[in-house]
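**Q** Data file start28.txt (compact mmCIF, C-alpha atoms) is appended below.
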```
# COMPACT_ATOMS: atom_id res chain seq x y z
CA MET A 29 -32.99 6.19 28.80
CA ARG A 30 -29.76 5.20 27.08
CA SER A 31 -26.72 5.47 29.33
CA ASP A 32 -23.80 7.63 28.14
CA LYS A 33 -21.31 5.86 30.39
CA ASN A 34 -18.44 4.04 28.70
CA THR A 35 -18.77 0.28 28.98
CA SER A 36 -15.78 -1.97 29.38
CA ALA A 37 -14.81 -4.13 26.41
CA PRO A 38 -15.19 -7.91 26.80
CA LEU A 39 -12.13 -9.77 28.05
CA GLY A 40 -11.82 -11.73 24.82
CA LEU A 41 -11.69 -8.53 22.79
CA LYS A 42 -8.99 -7.11 25.05
CA VAL A 43 -6.91 -10.28 24.70
CA ALA A 44 -7.32 -10.25 20.91
CA ALA A 45 -6.29 -6.59 20.73
CA GLY A 46 -3.26 -7.24 22.93
CA ALA A 47 -2.24 -10.24 20.81
CA GLY A 48 -2.56 -8.18 17.64
CA LEU A 49 -0.39 -5.39 19.03
CA LEU A 50 2.18 -7.91 20.25
CA PHE A 51 2.29 -9.54 16.82
CA LEU A 52 2.88 -6.15 15.19
CA HIS A 53 5.47 -4.75 17.59
CA LEU A 54 7.39 -7.73 18.98
CA PRO A 55 9.84 -7.80 16.02
CA ILE A 56 10.58 -4.10 16.59
CA LEU A 57 11.20 -4.74 20.28
CA LEU A 58 13.62 -7.53 19.34
CA ILE A 59 15.58 -5.06 17.19
CA PHE A 60 15.92 -2.81 20.23
CA LEU A 61 16.98 -5.77 22.38
CA TYR A 62 19.69 -7.01 20.01
CA ALA A 63 21.16 -3.51 19.70
CA PHE A 64 22.52 -4.06 23.22
CA THR A 65 23.71 -7.67 22.91
CA THR A 66 27.33 -8.66 23.51
CA GLU A 67 27.12 -11.36 20.81
CA GLU A 68 28.52 -10.11 17.49
CA LYS A 69 27.90 -12.90 14.99
CA SER A 70 24.54 -14.48 15.83
CA TYR A 71 21.19 -13.81 17.47
CA GLN A 72 20.84 -15.75 20.71
CA PHE A 73 17.76 -15.49 22.86
CA PRO A 74 18.05 -14.42 25.53
CA PRO A 75 21.22 -12.45 24.70
CA PRO A 76 24.28 -13.67 26.65
CA GLY A 77 24.92 -10.14 27.91
CA TYR A 78 24.30 -6.48 27.31
CA THR A 79 26.61 -3.65 26.29
CA LEU A 80 26.56 -0.13 24.86
CA LYS A 81 29.71 -0.56 22.76
CA TRP A 82 27.77 -1.00 19.52
CA PHE A 83 26.43 2.54 19.78
CA ALA A 84 30.02 3.83 19.82
CA ALA A 85 30.89 1.49 16.94
CA ALA A 86 27.98 2.80 14.87
CA TRP A 87 28.94 6.38 15.71
CA ASN A 88 32.49 5.82 14.44
CA ARG A 89 31.50 4.12 11.16
CA PRO A 90 31.91 6.58 8.22
CA ASP A 91 29.73 4.42 5.97
CA VAL A 92 26.83 4.84 8.39
CA TRP A 93 27.15 8.61 8.35
CA ASP A 94 27.45 8.72 4.56
CA ALA A 95 24.30 6.64 4.14
CA LEU A 96 22.45 8.67 6.78
CA GLY A 97 23.42 11.97 5.19
CA LEU A 98 22.29 10.79 1.76
CA SER A 99 18.93 9.62 3.14
CA VAL A 100 18.31 12.92 4.94
CA ARG A 101 19.18 14.99 1.87
CA VAL A 102 17.02 12.88 -0.44
CA ALA A 103 14.07 12.91 1.98
CA SER A 104 14.32 16.67 2.53
CA ILE A 105 14.37 17.61 -1.16
CA SER A 106 11.73 15.01 -2.08
CA THR A 107 9.48 16.40 0.63
CA ALA A 108 10.00 19.99 -0.57
CA VAL A 109 9.10 18.99 -4.14
CA ALA A 110 6.08 17.07 -2.90
CA LEU A 111 4.83 20.01 -0.82
CA VAL A 112 4.82 22.30 -3.86
CA LEU A 113 3.39 19.87 -6.40
CA GLY A 114 0.99 18.17 -3.99
CA THR A 115 -0.47 21.46 -2.78
CA LEU A 116 -0.92 22.78 -6.32
CA CYS A 117 -2.62 19.55 -7.44
CA ALA A 118 -4.89 19.58 -4.39
CA ALA A 119 -5.88 23.21 -4.99
CA ALA A 120 -6.67 22.54 -8.64
CA VAL A 121 -8.72 19.41 -7.95
CA SER A 122 -10.64 20.68 -4.93
CA ARG A 123 -11.25 24.35 -5.80
CA THR A 124 -12.11 24.11 -9.50
CA ARG A 125 -14.37 22.04 -11.73
CA PHE A 126 -13.17 20.79 -15.08
CA PHE A 127 -13.64 17.83 -17.38
CA GLY A 128 -11.64 14.81 -16.22
CA ARG A 129 -11.09 16.07 -12.68
CA GLU A 130 -11.65 12.65 -11.10
CA ALA A 131 -9.32 11.06 -13.65
CA VAL A 132 -6.60 13.54 -12.72
CA SER A 133 -7.12 12.77 -9.03
CA LEU A 134 -6.77 9.05 -9.76
CA LEU A 135 -3.58 9.59 -11.74
CA VAL A 136 -2.07 11.62 -8.89
CA ILE A 137 -2.62 8.88 -6.29
CA LEU A 138 -1.75 6.01 -8.65
CA PRO A 139 2.02 5.87 -7.86
CA ILE A 140 1.42 4.98 -4.21
CA ALA A 141 -1.24 2.42 -5.13
CA LEU A 142 1.07 0.53 -7.51
CA PRO A 143 3.56 -2.01 -6.13
CA GLY A 144 6.91 -0.37 -5.46
CA ILE A 145 8.71 -2.72 -7.84
CA ILE A 146 6.47 -1.57 -10.72
CA THR A 147 7.24 2.06 -9.96
CA GLY A 148 10.94 1.27 -9.68
CA ILE A 149 11.09 -0.60 -12.98
CA ALA A 150 9.12 2.16 -14.73
CA LEU A 151 11.44 4.87 -13.41
CA ARG A 152 14.57 2.92 -14.29
CA SER A 153 13.29 2.33 -17.82
CA ALA A 154 12.41 6.00 -18.23
CA PHE A 155 15.82 7.19 -17.00
CA SER A 156 17.59 4.71 -19.28
CA PHE A 157 15.44 5.72 -22.26
CA VAL A 158 16.42 9.39 -22.00
CA ASP A 159 20.03 8.57 -20.97
CA ILE A 160 19.82 10.12 -17.51
CA PRO A 161 22.67 8.73 -15.38
CA PHE A 162 21.70 7.32 -12.01
CA SER A 163 22.60 9.82 -9.33
CA PHE A 164 21.32 11.67 -6.29
CA TRP A 165 18.68 13.40 -8.41
CA THR A 166 17.25 10.18 -9.84
CA ILE A 167 16.65 9.01 -6.27
CA VAL A 168 14.93 12.32 -5.48
CA LEU A 169 12.70 12.05 -8.55
CA GLY A 170 11.80 8.47 -7.66
CA HIS A 171 10.88 9.37 -4.09
CA ALA A 172 8.95 12.46 -5.13
CA THR A 173 6.52 10.28 -7.13
CA PHE A 174 4.98 8.82 -3.98
CA CYS A 175 5.71 11.73 -1.62
CA VAL A 176 3.47 13.93 -3.77
CA VAL A 177 0.60 11.54 -3.13
CA VAL A 178 0.93 11.81 0.66
CA VAL A 179 0.92 15.61 0.59
CA TYR A 180 -1.91 15.65 -1.95
CA ASN A 181 -4.17 13.41 0.15
CA ASN A 182 -3.70 15.59 3.23
CA ALA A 183 -4.08 18.87 1.37
CA VAL A 184 -7.10 17.94 -0.73
CA ALA A 185 -9.01 16.75 2.35
CA ARG A 186 -8.34 20.06 4.09
CA PHE A 187 -9.14 22.17 1.00
CA ARG A 188 -12.55 20.55 0.76
CA ARG A 189 -13.34 21.65 4.34
CA ILE A 190 -12.59 25.30 3.66
CA SER A 191 -15.65 27.34 2.77
CA GLY A 192 -15.46 29.12 -0.56
CA SER A 193 -17.08 32.14 1.07
CA LEU A 194 -13.81 32.85 2.91
CA VAL A 195 -11.94 33.28 -0.36
CA GLU A 196 -14.75 35.40 -1.80
CA ALA A 197 -14.80 37.61 1.29
CA SER A 198 -11.03 38.07 1.06
CA MET A 199 -11.30 39.14 -2.57
CA ASP A 200 -14.20 41.50 -1.76
CA LEU A 201 -12.01 43.19 0.85
CA GLY A 202 -9.35 43.93 -1.77
CA ALA A 203 -6.87 41.11 -1.25
CA ASP A 204 -5.10 39.76 -4.31
CA GLY A 205 -4.51 36.07 -4.95
CA PHE A 206 -1.20 35.92 -3.07
CA GLN A 207 -2.59 37.74 -0.03
CA THR A 208 -5.63 35.47 0.03
CA PHE A 209 -3.39 32.41 -0.04
CA ARG A 210 -1.05 33.78 2.63
CA TYR A 211 -3.59 35.10 5.12
CA VAL A 212 -6.67 32.93 4.52
CA ILE A 213 -5.86 29.63 2.84
CA LEU A 214 -2.40 28.85 4.26
CA PRO A 215 -3.40 29.21 7.95
CA ASN A 216 -6.25 26.75 7.32
CA ILE A 217 -4.20 24.14 5.47
CA GLY A 218 -0.92 24.68 7.32
CA THR A 219 -1.22 21.76 9.73
CA ALA A 220 -2.34 19.45 6.92
CA LEU A 221 0.73 20.42 4.87
CA LEU A 222 3.00 19.98 7.87
CA ALA A 223 1.56 16.55 8.58
CA GLY A 224 1.80 15.55 4.91
CA GLY A 225 5.39 16.75 4.78
CA MET A 226 6.31 14.74 7.88
CA LEU A 227 4.73 11.59 6.49
CA ALA A 228 6.42 12.14 3.12
CA PHE A 229 9.78 12.58 4.83
CA ALA A 230 9.29 9.39 6.83
CA LEU A 231 8.29 7.41 3.73
CA SER A 232 11.24 8.72 1.73
CA PHE A 233 13.69 8.12 4.56
CA ASP A 234 12.96 4.39 4.80
CA GLU A 235 12.17 3.62 1.13
CA VAL A 236 14.01 0.57 -0.26
CA ILE A 237 12.39 -0.80 -3.43
CA VAL A 238 12.21 2.36 -5.57
CA THR A 239 15.65 3.40 -4.31
CA THR A 240 17.14 0.08 -5.43
CA PHE A 241 16.13 0.82 -9.03
CA THR A 242 17.14 4.50 -9.08
CA ALA A 243 20.23 4.79 -6.87
CA GLY A 244 22.94 3.29 -9.04
CA GLN A 245 26.03 2.77 -6.86
CA GLN A 246 24.85 5.01 -4.01
CA SER A 247 23.55 3.67 -0.72
CA THR A 248 20.84 5.33 1.32
CA LEU A 249 20.49 4.18 4.90
CA PRO A 250 17.87 1.46 4.19
CA ILE A 251 20.00 0.14 1.31
CA TRP A 252 23.03 0.12 3.60
CA MET A 253 21.09 -1.87 6.20
CA LEU A 254 19.98 -4.39 3.57
CA GLU A 255 23.56 -4.87 2.41
CA GLU A 256 24.75 -5.27 6.01
CA LEU A 257 22.19 -8.02 6.60
CA VAL A 258 23.45 -9.91 3.53
CA ARG A 259 27.16 -9.39 4.24
CA PRO A 260 27.36 -8.37 7.89
CA ARG A 261 30.46 -6.85 9.47
CA GLN A 262 28.97 -6.22 12.88
CA ARG A 263 25.36 -7.39 13.23
CA PRO A 264 24.54 -5.36 16.36
CA VAL A 265 25.57 -2.14 14.56
CA THR A 266 22.82 -2.83 12.03
CA ASN A 267 20.34 -3.17 14.90
CA VAL A 268 21.53 0.12 16.41
CA VAL A 269 20.99 1.88 13.08
CA ALA A 270 17.60 0.17 12.69
CA MET A 271 16.58 1.43 16.12
CA VAL A 272 17.51 4.98 15.09
CA VAL A 273 15.49 4.61 11.88
CA VAL A 274 12.46 3.44 13.88
CA LEU A 275 12.68 6.50 16.12
CA VAL A 276 13.29 8.90 13.22
CA THR A 277 10.25 7.64 11.30
CA PHE A 278 8.01 7.19 14.35
CA LEU A 279 8.29 10.75 15.62
CA PRO A 280 7.06 12.46 12.39
CA ILE A 281 4.18 10.00 12.10
CA LEU A 282 3.18 10.64 15.71
CA ALA A 283 3.40 14.39 15.19
CA ALA A 284 1.35 14.14 12.00
CA TYR A 285 -1.36 12.23 13.86
CA TYR A 286 -1.68 14.91 16.52
CA LEU A 287 -1.64 17.70 13.94
CA THR A 288 -4.48 16.24 11.85
CA ARG A 289 -6.78 14.65 14.44
CA ASP A 290 -8.65 17.95 14.89
CA GLY A 291 -8.65 18.73 11.17
CA ASP A 292 -12.42 19.10 11.04
CA GLN A 293 -12.17 22.39 12.92
CA VAL A 294 -11.40 24.56 9.90
CA ALA A 295 -12.53 28.12 9.49
CA GLY A 296 -15.74 28.26 7.52
CA SER A 297 -16.15 24.50 7.40
CA GLY A 298 -19.64 24.67 8.84
CA LYS A 299 -20.93 27.34 6.46
```
Render the structure in this file as structure tokens.
**A**
Amino acid sequence: MRSDKNTSAPLGLKVAAGAGLLFLHLPILLIFLYAFTTEEKSYQFPPPGYTLKWFAAAWNRPDVWDALGLSVRVASISTAVALVLGTLCAAAVSRTRFFGREAVSLLVILPIALPGIITGIALRSAFSFVDIPFSFWTIVLGHATFCVVVVYNNAVARFRRISGSLVEASMDLGADGFQTFRYVILPNIGTALLAGGMLAFALSFDEVIVTTFTAGQQSTLPIWMLEELVRPRQRPVTNVVAMVVVLVTFLPILAAYYLTRDGDQVAGSGK
């Protein structure tokens, strides 16, 4: 009989996996390390000493707070727009049949498949063509183009697992369209929308390329970090901010993973 016991992976495979993880995450660990260095102008390894003063310096920099506030506002509104549009697109594609449905699905996911510089150039050309001045809202519109895709992918996968008989049963019991959505559909797709919203927020928060073409004179936090690397005032402050960005983007992604890993357990999915 075949044994159900887990077998240990070969040593070579373990070493290869460890090397791959080290290659991916060592640069991030170095960012954390240099956030505590006493050296202000250069990166010495190992650092000559360690200090917490750069955290206080970052806290007292108004330009950091301005950039952070702009990034949070842009990411929040872009995510809200993406949740509405992405959910509606997913419902239309997954719950109805019409000519060109697959073409529509392809067009929805196209912005995230294209290189960011292409999307940025296209958006900048469009805004210039209709004489829209670059502002906070042009950044939001630019970010919403790819945030919609993230929400759509999560929502459409969950919609396809929901049995149509649930909606039919709700209608048979006298529920209108809004009640069916609120009490039947939304509880089943809620975690998928939450996960998609978290991923969209994380993507918008650390977006650089599209923002460069749509921001004008404004600086989101990633743009601020890029400018500080080119013309640094205090290098360790940039590392402190980068460490915060890593944590801010990592936590939503981790939460999204745990929210969607049991996504196959949807009411009616086995019917």
**Q** Enter the distance from atom CA of Phe233 of chain A to atom CA of Leu54 of chain A, in Å, rounded to one decimal.
**A** 22.3 Å
**Q** Neighbours of segment 214-220 of chain A within 6 Å (all atoms listed in the file; same-chain residues fewer than 2 positions away dropped), as a list of chain:residue names?
**A**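 My list of contacting residues is A:Asn182, A:Ala183, A:Arg186, A:Phe209, A:Arg210, A:Val212, A:Leu222, A:Ala223, A:Leu287.
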**Q** Please, what distance in Å, to one decimal, runs between atom CA of Val102 of chain A and atom CA of Val168 of chain A?
**A**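 Taking atom CA of Val102 of chain A as the start and atom CA of Val168 of chain A as the end point, the length is 5.5 Å.
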**Q** Between A:Val238, A:Met271, A:Ala85, A:Ala120, which one has atoms that come closest to Met253 of chain A, using all atoms listed in the file?
**A**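 Of the candidates, the smallest distance to Met253 of chain A is held by A:Met271.
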**Q** Between atom CA of Val158 of chain A and atom CA of Asp234 of chain A, what is the distance, to one decimal in Å?
**A**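 Atom CA of Asp234 of chain A lies 27.5 Å from atom CA of Val158 of chain A.
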**Q** With only C-alpha atoms as the counted atoms, please give the residues lying no more than 9 Å from Gln246 of chain A, apart from itself and same-chain residues fewer than 5 positions off, as an NGL selection string.
**A** :A and (95 or 98 or 162-164 or 251)
**Q** Compile the contact shell of Val184 of chain A as a PDB file with C-alpha atoms, keeping the file's coordinate frame: residues with an atom at most 12 Å away, counting only C-alpha atoms, same-chain residues fewer than 5 positions apart removed.
**A**
```pdb
ATOM      1  CA  GLY A 114       0.990  18.170  -3.990  1.00  0.00           C
ATOM      2  CA  THR A 115      -0.470  21.460  -2.780  1.00  0.00           C
ATOM      3  CA  LEU A 116      -0.920  22.780  -6.320  1.00  0.00           C
ATOM      4  CA  CYS A 117      -2.620  19.550  -7.440  1.00  0.00           C
ATOM      5  CA  ALA A 118      -4.890  19.580  -4.390  1.00  0.00           C
ATOM      6  CA  ALA A 119      -5.880  23.210  -4.990  1.00  0.00           C
ATOM      7  CA  ALA A 120      -6.670  22.540  -8.640  1.00  0.00           C
ATOM      8  CA  VAL A 121      -8.720  19.410  -7.950  1.00  0.00           C
ATOM      9  CA  SER A 122     -10.640  20.680  -4.930  1.00  0.00           C
ATOM     10  CA  ARG A 123     -11.250  24.350  -5.800  1.00  0.00           C
ATOM     11  CA  THR A 124     -12.110  24.110  -9.500  1.00  0.00           C
ATOM     12  CA  SER A 133      -7.120  12.770  -9.030  1.00  0.00           C
ATOM     13  CA  VAL A 136      -2.070  11.620  -8.890  1.00  0.00           C
ATOM     14  CA  ILE A 137      -2.620   8.880  -6.290  1.00  0.00           C
ATOM     15  CA  VAL A 176       3.470  13.930  -3.770  1.00  0.00           C
ATOM     16  CA  VAL A 177       0.600  11.540  -3.130  1.00  0.00           C
ATOM     17  CA  VAL A 178       0.930  11.810   0.660  1.00  0.00           C
ATOM     18  CA  VAL A 179       0.920  15.610   0.590  1.00  0.00           C
ATOM     19  CA  ARG A 189     -13.340  21.650   4.340  1.00  0.00           C
ATOM     20  CA  ILE A 190     -12.590  25.300   3.660  1.00  0.00           C
ATOM     21  CA  ASN A 216      -6.250  26.750   7.320  1.00  0.00           C
ATOM     22  CA  ILE A 217      -4.200  24.140   5.470  1.00  0.00           C
ATOM     23  CA  ALA A 220      -2.340  19.450   6.920  1.00  0.00           C
ATOM     24  CA  LEU A 221       0.730  20.420   4.870  1.00  0.00           C
ATOM     25  CA  GLY A 224       1.800  15.550   4.910  1.00  0.00           C
TER      26      GLY A 224
END
```
**Q** With 6 Å on each side, where is the centre of the axis-aligned box around all listed atoms of segment 226-237 of chain A, and how long are its edges in Å to one decimal, as AutoDock Vina command-line options?
**A**
```
--center_x 9.4 --center_y 7.0 --center_z 2.2 --size_x 21.3 --size_y 27.5 --size_z 23.3
```
**Q** Quick one: of A:Ser232, A:Ser99, A:Thr147, A:Ser104, who's nearest to Thr248 of chain A, counting all atoms listed in the file?
**A**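 Checking each candidate against Thr248 of chain A, we get A:Ser99 as the closest.
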**Q** Smallest atom-to-atom distance to Ala154 of chain A: which of A:Asn88, A:Val112, A:Thr242, A:Pro76, using only C-alpha atoms?
**A**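 Closest residue, counting only C-alpha atoms: A:Thr242.
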**Q** Considering only C-alpha atoms, can you say which of A:Leu257, A:Val272, A:Trp165, A:Arg188 comes closest to Arg101 of chain A?
**A**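 Ranking A:Leu257, A:Val272, A:Trp165, A:Arg188 by distance to Arg101 of chain A, first place goes to A:Trp165.
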**Q** Out of A:Ala86, A:Val43, A:Ile167, A:Leu61, which residue has the shortest atom-to-atom distance to Val265 of chain A when counting only C-alpha atoms?
**A**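 Nearest candidate to Val265 of chain A out of A:Ala86, A:Val43, A:Ile167, A:Leu61: A:Ala86.
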**Q** List as a short mmCIF file (atom, residue, chain, number, x, y, z; two decimals) with C-alpha atoms, keeping the file's coordinate frame the protein and nucleic acid residues near Gly170 of chain A, meaning an atom at most 12 Å away when all atoms listed in the file are counted, but skip any in the same chain fewer than 3 places from it.
**A**
```
data_model
loop_
_atom_site.label_atom_id
_atom_site.label_comp_id
_atom_site.auth_asym_id
_atom_site.auth_seq_id
_atom_site.Cartn_x
_atom_site.Cartn_y
_atom_site.Cartn_z
CA VAL A 102 17.02 12.88 -0.44
CA ALA A 103 14.07 12.91 1.98
CA ILE A 105 14.37 17.61 -1.16
CA SER A 106 11.73 15.01 -2.08
CA THR A 107 9.48 16.40 0.63
CA VAL A 109 9.10 18.99 -4.14
CA ALA A 110 6.08 17.07 -2.90
CA PRO A 139 2.02 5.87 -7.86
CA ILE A 140 1.42 4.98 -4.21
CA GLY A 144 6.91 -0.37 -5.46
CA ILE A 145 8.71 -2.72 -7.84
CA ILE A 146 6.47 -1.57 -10.72
CA THR A 147 7.24 2.06 -9.96
CA GLY A 148 10.94 1.27 -9.68
CA ILE A 149 11.09 -0.60 -12.98
CA ALA A 150 9.12 2.16 -14.73
CA LEU A 151 11.44 4.87 -13.41
CA ARG A 152 14.57 2.92 -14.29
CA SER A 153 13.29 2.33 -17.82
CA ALA A 154 12.41 6.00 -18.23
CA PHE A 155 15.82 7.19 -17.00
CA PHE A 162 21.70 7.32 -12.01
CA SER A 163 22.60 9.82 -9.33
CA PHE A 164 21.32 11.67 -6.29
CA TRP A 165 18.68 13.40 -8.41
CA THR A 166 17.25 10.18 -9.84
CA ILE A 167 16.65 9.01 -6.27
CA THR A 173 6.52 10.28 -7.13
CA PHE A 174 4.98 8.82 -3.98
CA CYS A 175 5.71 11.73 -1.62
CA VAL A 176 3.47 13.93 -3.77
CA LEU A 231 8.29 7.41 3.73
CA SER A 232 11.24 8.72 1.73
CA GLU A 235 12.17 3.62 1.13
CA VAL A 236 14.01 0.57 -0.26
CA ILE A 237 12.39 -0.80 -3.43
CA VAL A 238 12.21 2.36 -5.57
CA THR A 239 15.65 3.40 -4.31
CA THR A 240 17.14 0.08 -5.43
CA PHE A 241 16.13 0.82 -9.03
CA THR A 242 17.14 4.50 -9.08
CA ALA A 243 20.23 4.79 -6.87
#
```
**Q** Residues at most 9 Å from Phe64 of chain A, counting all atoms listed in the file, excluding those fewer than 5 positions away in the same chain, as a ChimeraX atom specification?
**A** /A:75,77-83,264,267-268
**Q** So, counting only C-alpha atoms, which residue among A:Ala230, A:Val269, A:Ala63, A:Ala47 is closest to His171 of chain A?
**A**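 Result for the nearest residue to His171 of chain A: A:Ala230.
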**Q** Generate the missing atoms of segment 38-54 of chain A up to N, CA and C atoms and report them as an mmCIF file, in the frame of the given file.
**A**
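Saved result, part_11.cif, follows:
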```cif
data_model
loop_
_atom_site.group_PDB
_atom_site.id
_atom_site.type_symbol
_atom_site.label_atom_id
_atom_site.label_comp_id
_atom_site.auth_asym_id
_atom_site.auth_seq_id
_atom_site.Cartn_x
_atom_site.Cartn_y
_atom_site.Cartn_z
ATOM 1 N N PRO A 38 -15.282 -6.522 26.320
ATOM 2 C CA PRO A 38 -15.190 -7.910 26.800
ATOM 3 C C PRO A 38 -13.739 -8.360 26.909
ATOM 4 N N LEU A 39 -13.495 -9.286 27.816
ATOM 5 C CA LEU A 39 -12.130 -9.770 28.050
ATOM 6 C C LEU A 39 -11.531 -10.366 26.779
ATOM 7 N N GLY A 40 -12.338 -11.125 26.044
ATOM 8 C CA GLY A 40 -11.820 -11.730 24.820
ATOM 9 C C GLY A 40 -11.352 -10.707 23.810
ATOM 10 N N LEU A 41 -12.078 -9.593 23.704
ATOM 11 C CA LEU A 41 -11.690 -8.530 22.790
ATOM 12 C C LEU A 41 -10.385 -7.875 23.223
ATOM 13 N N LYS A 42 -10.232 -7.688 24.530
ATOM 14 C CA LYS A 42 -8.990 -7.110 25.050
ATOM 15 C C LYS A 42 -7.803 -8.023 24.748
ATOM 16 N N VAL A 43 -7.990 -9.322 24.962
ATOM 17 C CA VAL A 43 -6.910 -10.280 24.700
ATOM 18 C C VAL A 43 -6.543 -10.292 23.220
ATOM 19 N N ALA A 44 -7.565 -10.254 22.358
ATOM 20 C CA ALA A 44 -7.320 -10.250 20.910
ATOM 21 C C ALA A 44 -6.575 -8.982 20.493
ATOM 22 N N ALA A 45 -6.970 -7.839 21.061
ATOM 23 C CA ALA A 45 -6.290 -6.590 20.730
ATOM 24 C C ALA A 45 -4.840 -6.610 21.194
ATOM 25 N N GLY A 46 -4.630 -7.129 22.414
ATOM 26 C CA GLY A 46 -3.260 -7.240 22.930
ATOM 27 C C GLY A 46 -2.411 -8.167 22.090
ATOM 28 N N ALA A 47 -2.983 -9.293 21.661
ATOM 29 C CA ALA A 47 -2.240 -10.240 20.810
ATOM 30 C C ALA A 47 -1.892 -9.608 19.472
ATOM 31 N N GLY A 48 -2.833 -8.845 18.903
ATOM 32 C CA GLY A 48 -2.560 -8.180 17.640
ATOM 33 C C GLY A 48 -1.439 -7.156 17.752
ATOM 34 N N LEU A 49 -1.454 -6.372 18.824
ATOM 35 C CA LEU A 49 -0.390 -5.390 19.030
ATOM 36 C C LEU A 49 0.955 -6.060 19.261
ATOM 37 N N LEU A 50 0.943 -7.175 20.005
ATOM 38 C CA LEU A 50 2.180 -7.910 20.250
ATOM 39 C C LEU A 50 2.743 -8.466 18.950
ATOM 40 N N PHE A 51 1.865 -8.992 18.107
ATOM 41 C CA PHE A 51 2.290 -9.540 16.820
ATOM 42 C C PHE A 51 2.929 -8.448 15.950
ATOM 43 N N LEU A 52 2.379 -7.239 16.008
ATOM 44 C CA LEU A 52 2.880 -6.150 15.190
ATOM 45 C C LEU A 52 4.209 -5.598 15.701
ATOM 46 N N HIS A 53 4.352 -5.503 17.023
ATOM 47 C CA HIS A 53 5.470 -4.750 17.590
ATOM 48 C C HIS A 53 6.563 -5.592 18.220
ATOM 49 N N LEU A 54 6.343 -6.888 18.398
ATOM 50 C CA LEU A 54 7.390 -7.730 18.980
ATOM 51 C C LEU A 54 8.664 -7.732 18.137
#
```
